[in-house]
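Have a look at upload01.pdb; it's PDB, C-alpha atoms:
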MODEL        1
ATOM      1  CA  MET D   1      97.643 121.560 -14.978
ATOM      2  CA  GLN D   2      95.691 124.423 -16.605
ATOM      3  CA  ARG D   3      96.499 128.064 -17.295
ATOM      4  CA  PHE D   4      94.129 130.792 -16.057
ATOM      5  CA  GLY D   5      95.106 134.369 -16.803
ATOM      6  CA  GLY D   6      98.742 133.522 -17.069
ATOM      7  CA  PHE D   7      98.705 131.525 -13.852
ATOM      8  CA  ARG D   8      99.082 127.839 -13.571
ATOM      9  CA  GLN D   9      96.657 126.008 -11.353
ATOM     10  CA  SER D  10      97.501 122.553 -10.112
ATOM     11  CA  ARG D  11      94.845 119.950  -9.856
ATOM     12  CA  PRO D  12      94.718 118.163  -6.540
ATOM     13  CA  ARG D  13      96.306 114.752  -6.766
ATOM     14  CA  GLY D  14      94.722 111.744  -5.149
ATOM     15  CA  ARG D  15      96.638 110.204  -2.267
ATOM     16  CA  ARG D  16      98.395 107.046  -3.127
ATOM     17  CA  GLY D  17      97.693 104.309  -0.564
ATOM     18  CA  ARG D  18     100.632 102.907   1.271
ATOM     19  CA  GLY D  19     101.088  99.147   1.325
ATOM     20  CA  GLY D  20      99.883  98.614   4.908
ATOM     21  CA  VAL D  21      97.861  95.757   6.435
ATOM     22  CA  SER D  22      94.185  96.407   6.990
ATOM     23  CA  PRO D  23      92.985  96.434  10.622
ATOM     24  CA  ILE D  24      90.870  93.313  10.076
ATOM     25  CA  ILE D  25      93.766  91.256   8.720
ATOM     26  CA  ALA D  26      96.038  92.524  11.478
ATOM     27  CA  THR D  27      93.514  91.439  14.104
ATOM     28  CA  ILE D  28      93.176  87.997  12.546
ATOM     29  CA  LEU D  29      96.948  87.584  12.488
ATOM     30  CA  LEU D  30      97.268  88.616  16.134
ATOM     31  CA  VAL D  31      94.570  86.166  17.198
ATOM     32  CA  ALA D  32      96.184  83.329  15.206
ATOM     33  CA  ILE D  33      99.622  84.014  16.689
ATOM     34  CA  THR D  34      98.142  84.106  20.204
ATOM     35  CA  VAL D  35      96.373  80.763  19.688
ATOM     36  CA  VAL D  36      99.531  79.108  18.348
ATOM     37  CA  LEU D  37     101.656  80.410  21.225
ATOM     38  CA  ALA D  38      99.067  79.268  23.774
ATOM     39  CA  ALA D  39      98.998  75.773  22.237
ATOM     40  CA  VAL D  40     102.791  75.490  22.289
ATOM     41  CA  LEU D  41     102.914  76.642  25.912
ATOM     42  CA  TYR D  42     100.239  74.132  26.898
ATOM     43  CA  VAL D  43     102.163  71.246  25.311
ATOM     44  CA  LEU D  44     105.385  72.268  27.059
ATOM     45  CA  VAL D  45     103.731  72.649  30.453
ATOM     46  CA  ALA D  46     101.733  69.420  30.079
ATOM     47  CA  GLY D  47     104.924  67.532  29.317
ATOM     48  CA  LEU D  48     106.519  68.724  32.536
ATOM     49  CA  THR D  49     103.588  68.535  34.922
ATOM     50  CA  HIS D  50     101.783  65.210  34.480
ATOM     51  CA  SER D  51     100.112  65.301  37.859
ATOM     52  CA  GLY D  52      96.770  65.547  39.593
ATOM     53  CA  THR D  53      93.990  63.902  37.629
ATOM     54  CA  ALA D  54      95.945  63.676  34.378
ATOM     55  CA  SER D  55      96.095  60.251  32.779
ATOM     56  CA  VAL D  56      98.915  60.111  30.259
ATOM     57  CA  PRO D  57      99.430  56.746  28.509
ATOM     58  CA  LEU D  58     102.839  55.476  29.606
ATOM     59  CA  GLY D  59     103.407  54.046  26.142
ATOM     60  CA  THR D  60     103.558  57.555  24.693
ATOM     61  CA  GLU D  61     106.306  58.600  27.118
ATOM     62  CA  LEU D  62     108.474  55.517  27.624
ATOM     63  CA  TYR D  63     110.162  53.247  25.090
ATOM     64  CA  ALA D  64     112.401  50.443  26.351
ATOM     65  CA  GLY D  65     114.200  47.321  25.155
ATOM     66  CA  PRO D  66     115.178  44.969  23.774
ATOM     67  CA  ALA D  67     116.342  43.074  26.861
ATOM     68  CA  GLY D  68     119.755  41.457  27.106
ATOM     69  CA  GLN D  69     120.665  38.330  29.105
ATOM     70  CA  PHE D  70     123.395  38.366  31.753
ATOM     71  CA  VAL D  71     124.691  35.964  34.387
ATOM     72  CA  GLY D  72     126.427  37.732  37.257
ATOM     73  CA  THR D  73     130.129  37.190  37.862
ATOM     74  CA  SER D  74     132.510  38.079  40.665
ATOM     75  CA  ALA D  75     133.015  41.416  38.919
ATOM     76  CA  SER D  76     129.288  42.159  38.753
ATOM     77  CA  THR D  77     127.546  44.861  40.742
ATOM     78  CA  SER D  78     124.722  44.646  43.263
ATOM     79  CA  TYR D  79     122.028  44.728  40.613
ATOM     80  CA  CYS D  80     123.370  41.542  38.969
ATOM     81  CA  GLU D  81     125.240  39.571  41.611
ATOM     82  CA  LYS D  82     127.465  36.565  41.101
ATOM     83  CA  SER D  83     125.562  33.517  39.774
ATOM     84  CA  HIS D  84     122.335  35.521  39.517
ATOM     85  CA  TYR D  85     120.323  35.551  36.305
ATOM     86  CA  CYS D  86     119.658  39.076  35.065
ATOM     87  CA  TYR D  87     118.245  41.088  32.195
ATOM     88  CA  SER D  88     119.212  44.609  31.184
ATOM     89  CA  VAL D  89     116.499  46.685  29.537
ATOM     90  CA  PRO D  90     117.756  49.955  28.044
ATOM     91  CA  ILE D  91     115.418  52.945  28.135
ATOM     92  CA  ASP D  92     115.444  54.286  24.584
ATOM     93  CA  GLN D  93     113.186  57.266  25.255
ATOM     94  CA  ALA D  94     111.647  58.842  28.358
ATOM     95  CA  GLY D  95     109.237  61.789  28.439
ATOM     96  CA  GLY D  96     110.364  64.991  30.120
ATOM     97  CA  GLY D  97     107.923  64.614  33.023
ATOM     98  CA  LEU D  98     108.604  60.954  33.795
ATOM     99  CA  THR D  99     110.176  60.280  37.213
ATOM    100  CA  LEU D 100     111.179  57.247  39.269
ATOM    101  CA  GLY D 101     107.956  57.614  41.250
ATOM    102  CA  ASN D 102     105.861  57.205  38.098
ATOM    103  CA  LEU D 103     106.952  53.606  37.513
ATOM    104  CA  ASN D 104     105.816  50.277  38.917
ATOM    105  CA  PHE D 105     106.991  46.868  37.687
ATOM    106  CA  ARG D 106     105.959  43.254  37.501
ATOM    107  CA  VAL D 107     107.348  40.143  35.842
ATOM    108  CA  LEU D 108     104.904  37.833  34.089
ATOM    109  CA  GLU D 109     105.131  34.185  33.064
ATOM    110  CA  SER D 110     104.403  33.182  29.477
ATOM    111  CA  THR D 111     100.878  32.316  30.668
ATOM    112  CA  GLY D 112     100.290  35.897  31.809
ATOM    113  CA  SER D 113     100.390  35.085  35.530
ATOM    114  CA  ILE D 114     102.734  36.983  37.836
ATOM    115  CA  HIS D 115     106.060  35.243  38.392
ATOM    116  CA  THR D 116     106.786  34.034  41.926
ATOM    117  CA  VAL D 117     110.361  34.450  43.165
ATOM    118  CA  THR D 118     111.809  30.974  43.669
ATOM    119  CA  ALA D 119     115.166  31.527  45.381
ATOM    120  CA  ASN D 120     116.960  34.119  47.511
ATOM    121  CA  TYR D 121     115.453  37.373  46.370
ATOM    122  CA  ALA D 122     114.769  39.121  43.084
ATOM    123  CA  MET D 123     115.374  42.773  42.259
ATOM    124  CA  ILE D 124     114.336  45.627  40.000
ATOM    125  CA  ALA D 125     116.905  48.395  39.651
ATOM    126  CA  ILE D 126     117.436  51.571  37.657
ATOM    127  CA  VAL D 127     121.035  52.199  36.652
ATOM    128  CA  ASP D 128     122.451  55.339  35.023
ATOM    129  CA  GLN D 129     124.639  55.595  31.917
ATOM    130  CA  LYS D 130     127.793  55.202  34.024
ATOM    131  CA  GLY D 131     126.608  51.936  35.533
ATOM    132  CA  ALA D 132     125.848  53.495  38.916
ATOM    133  CA  LEU D 133     122.766  52.369  40.819
ATOM    134  CA  VAL D 134     120.008  55.026  40.930
ATOM    135  CA  ALA D 135     117.256  53.127  42.751
ATOM    136  CA  SER D 136     116.395  49.518  43.571
ATOM    137  CA  THR D 137     113.890  47.253  45.295
ATOM    138  CA  GLU D 138     114.311  43.649  46.389
ATOM    139  CA  VAL D 139     111.489  41.122  46.178
ATOM    140  CA  ALA D 140     111.566  38.378  48.807
ATOM    141  CA  ASN D 141     111.687  34.655  48.139
ATOM    142  CA  LYS D 142     108.245  33.148  47.415
ATOM    143  CA  ALA D 143     106.751  36.613  46.860
ATOM    144  CA  ALA D 144     105.102  37.799  43.666
ATOM    145  CA  PHE D 145     107.624  39.606  41.469
ATOM    146  CA  VAL D 146     105.940  43.018  41.780
ATOM    147  CA  VAL D 147     107.565  46.359  42.619
ATOM    148  CA  THR D 148     105.395  49.335  43.562
ATOM    149  CA  SER D 149     107.958  51.524  45.330
ATOM    150  CA  TRP D 150     111.710  51.972  45.666
ATOM    151  CA  GLN D 151     113.416  50.698  48.813
ATOM    152  CA  THR D 152     116.817  52.243  48.115
ATOM    153  CA  TYR D 153     117.883  55.448  46.367
ATOM    154  CA  ALA D 154     121.392  56.578  45.528
ATOM    155  CA  SER D 155     122.580  59.735  47.261
ATOM    156  CA  GLY D 156     120.668  62.752  45.978
ATOM    157  CA  LYS D 157     118.009  60.624  44.233
ATOM    158  CA  SER D 158     114.314  60.374  45.109
ATOM    159  CA  ALA D 159     110.922  59.509  43.657
ATOM    160  CA  SER D 160     110.971  62.854  41.829
ATOM    161  CA  THR D 161     114.266  62.112  40.053
ATOM    162  CA  PRO D 162     113.678  62.167  36.268
ATOM    163  CA  VAL D 163     113.966  58.956  34.263
ATOM    164  CA  THR D 164     116.182  59.527  31.216
ATOM    165  CA  ASP D 165     116.884  57.750  27.959
ATOM    166  CA  LEU D 166     120.375  56.982  29.269
ATOM    167  CA  ASP D 167     119.080  54.828  32.130
ATOM    168  CA  VAL D 168     118.812  51.035  32.144
ATOM    169  CA  ILE D 169     116.279  48.835  33.946
ATOM    170  CA  TRP D 170     117.855  45.720  35.482
ATOM    171  CA  VAL D 171     115.777  42.652  36.339
ATOM    172  CA  GLN D 172     117.559  40.200  38.665
ATOM    173  CA  PHE D 173     116.064  36.760  39.304
ATOM    174  CA  GLY D 174     118.535  35.607  41.949
ATOM    175  CA  SER D 175     120.677  32.481  42.004
ATOM    176  CA  THR D 176     117.905  30.154  40.968
ATOM    177  CA  THR D 177     118.660  26.500  40.204
ATOM    178  CA  SER D 178     117.037  26.849  36.796
ATOM    179  CA  SER D 179     117.606  29.654  34.310
ATOM    180  CA  PRO D 180     114.688  31.981  33.489
ATOM    181  CA  PHE D 181     116.171  32.554  30.043
ATOM    182  CA  ASP D 182     114.151  31.615  26.963
ATOM    183  CA  ASP D 183     110.956  30.631  28.748
ATOM    184  CA  GLY D 184     108.745  33.510  27.594
ATOM    185  CA  LYS D 185     108.714  35.843  30.587
ATOM    186  CA  THR D 186     107.920  39.515  30.143
ATOM    187  CA  LEU D 187     108.574  42.676  32.126
ATOM    188  CA  GLN D 188     105.693  45.092  32.485
ATOM    189  CA  VAL D 189     106.491  48.690  33.361
ATOM    190  CA  LEU D 190     103.290  50.213  34.746
ATOM    191  CA  GLY D 191     102.430  53.905  34.885
ATOM    192  CA  THR D 192     101.241  55.538  38.090
ATOM    193  CA  HIS D 193     100.735  59.024  39.602
ATOM    194  CA  GLY D 194      99.452  60.665  36.433
ATOM    195  CA  TYR D 195     100.412  57.922  33.993
ATOM    196  CA  SER D 196      98.265  54.998  32.888
ATOM    197  CA  GLY D 197      98.761  51.751  31.037
ATOM    198  CA  ALA D 198     101.905  49.679  30.685
ATOM    199  CA  VAL D 199     104.954  49.095  28.523
ATOM    200  CA  THR D 200     105.703  45.403  27.987
ATOM    201  CA  VAL D 201     109.216  44.152  27.254
ATOM    202  CA  SER D 202     109.998  40.557  26.297
ATOM    203  CA  LEU D 203     112.596  38.821  28.488
ATOM    204  CA  PRO D 204     114.175  36.399  26.019
TER
ENDMDL
END
Show this structure as structure tokens.
Amino acid sequence: MQRFGGFRQSRPRGRRGRGGVSPIIATILLVAITVVLAAVLYVLVAGLTHSGTASVPLGTELYAGPAGQFVGTSASTSYCEKSHYCYSVPIDQAGGGLTLGNLNFRVLESTGSIHTVTANYAMIAIVDQKGALVASTEVANKAAFVVTSWQTYASGKSASTPVTDLDVIWVQFGSTTSSPFDDGKTLQVLGTHGYSGAVTVSLP
């Protein structure tokens, strides 16, 4: 400040910049946020809508096993009847878009060939956490142990019913004269309708 003729004259002060974000940085941040949000949305939608021409490896969506051995008793249910040899295969993890209609099954011998049902009938069933039957299919005597669709659904269930990590797959061999236990069989769960590949579970 200077004096001129008894008057004080103030010098103009420079404007102090406020701590704002430059337009370029703001634009970059907006673009980055938009890209991240779009990626997250895509992952969520893809997980729920595996359809059309999508080919999602089943092994990335379904984890199951290990299998347990059971012989049906008079107190057993329809998916492991009295005197029938059975395996229970717990589903440890199931993807959000996986449904009953996405799964096919086959039982293989230790040689890799498909097992042939040797007595009565065999069965593949899905059972919920309360032990209630969700869906099942019988395989006739002398037929290849392959299931590509469900014959029976529980009330309110359908091919679009989600598979959850609380469900259990039951494999019933029927009242065969010889036990299938400990001879190296495996269960293959095959992906279909948007899923590819297979999950293999040892049947001890």
Review point. When you draw a straight line from atom CA of D:Cys86 to atom CA of D:Ala144, how long is it in Å?
Key: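 Atom CA of D:Ala144 lies at a distance of 17.0 Å from atom CA of D:Cys86.
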Check your understanding: Out of D:Pro162, D:Gly156, D:Gly191, D:Pro66, which residue has the shortest atom-to-atom distance to D:Ala94 when counting only C-alpha atoms?
Key ->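 Ranking D:Pro162, D:Gly156, D:Gly191, D:Pro66 by distance to D:Ala94, first place goes to D:Pro162.
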Exercise for review: Could you tell me which residues the PyMOL selection byres ((chain D and resi 116-132) around 10) returns for this structure, as a PyMOL selection string?
Suggested key: chain D and resi 77-80+84-91+100+104-109+113-115+133-147+150+152-154+163-178
Practice item. In Å, rounded to a single decimal, give me how far atom CA of D:Ser202 is from atom CA of D:Gly68. Key: 9.8 Å
**Study point:** Nearest to D:Gly184 by atom-to-atom distance, counting all atoms listed in the file, from D:Gly112, D:Leu103, D:Ala159, D:Thr148
**Key:** D:Gly112
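Among the candidates D:Thr186, D:Ser155, D:Thr27, D:Thr192, the one nearest to D:Leu98 when counting all atoms listed in the file is D:Thr192.
Taking atom CA of D:Leu203 as the reference point, atom CA of D:Phe70 is found at 11.3 Å.
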For D:Gln93, please output as a short mmCIF file (atom, residue, chain, number, x, y, z; two decimals) with C-alpha atoms, keeping the file's coordinate frame all residues within 7 Å (counting only C-alpha atoms; exclusion window: fewer than 4 positions along the same chain).
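Ended up saving to part.cif:
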data_model
loop_
_atom_site.label_atom_id
_atom_site.label_comp_id
_atom_site.auth_asym_id
_atom_site.auth_seq_id
_atom_site.Cartn_x
_atom_site.Cartn_y
_atom_site.Cartn_z
CA LEU D 62 108.47 55.52 27.62
CA TYR D 63 110.16 53.25 25.09
CA ALA D 64 112.40 50.44 26.35
CA ASP D 165 116.88 57.75 27.96
#
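Among the candidate residues D:Val201, D:Thr161, D:Ala67, D:Leu30, the one lying nearest to D:Val189 is D:Val201, with distances computed using all atoms listed in the file.
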Exercise for review: Give the answer as one residue: which of D:Pro180, D:Tyr195, D:Thr73, D:Lys82 has the shortest atom-to-atom distance to D:Gly95, using only C-alpha atoms?
Suggested key: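 Under the stated criterion, the closest residue is D:Tyr195.
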How big is the axis-aligned box around all listed atoms of stretch 122-139 of chain D once 4 Å goes on each side, and where's its centre, in Å to one decimal, as lines of an AutoDock Vina configuration file?
center_x = 119.6
center_y = 47.4
center_z = 39.2
size_x = 24.3
size_y = 24.5
size_z = 22.5
Review point. Using only C-alpha atoms, which of the listed residues (D:Ser83, D:Val31, D:Lys157, D:Val199) sits closest to D:Val71?
Key: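 Comparing D:Ser83, D:Val31, D:Lys157, D:Val199 against D:Val71, the winner is D:Ser83.
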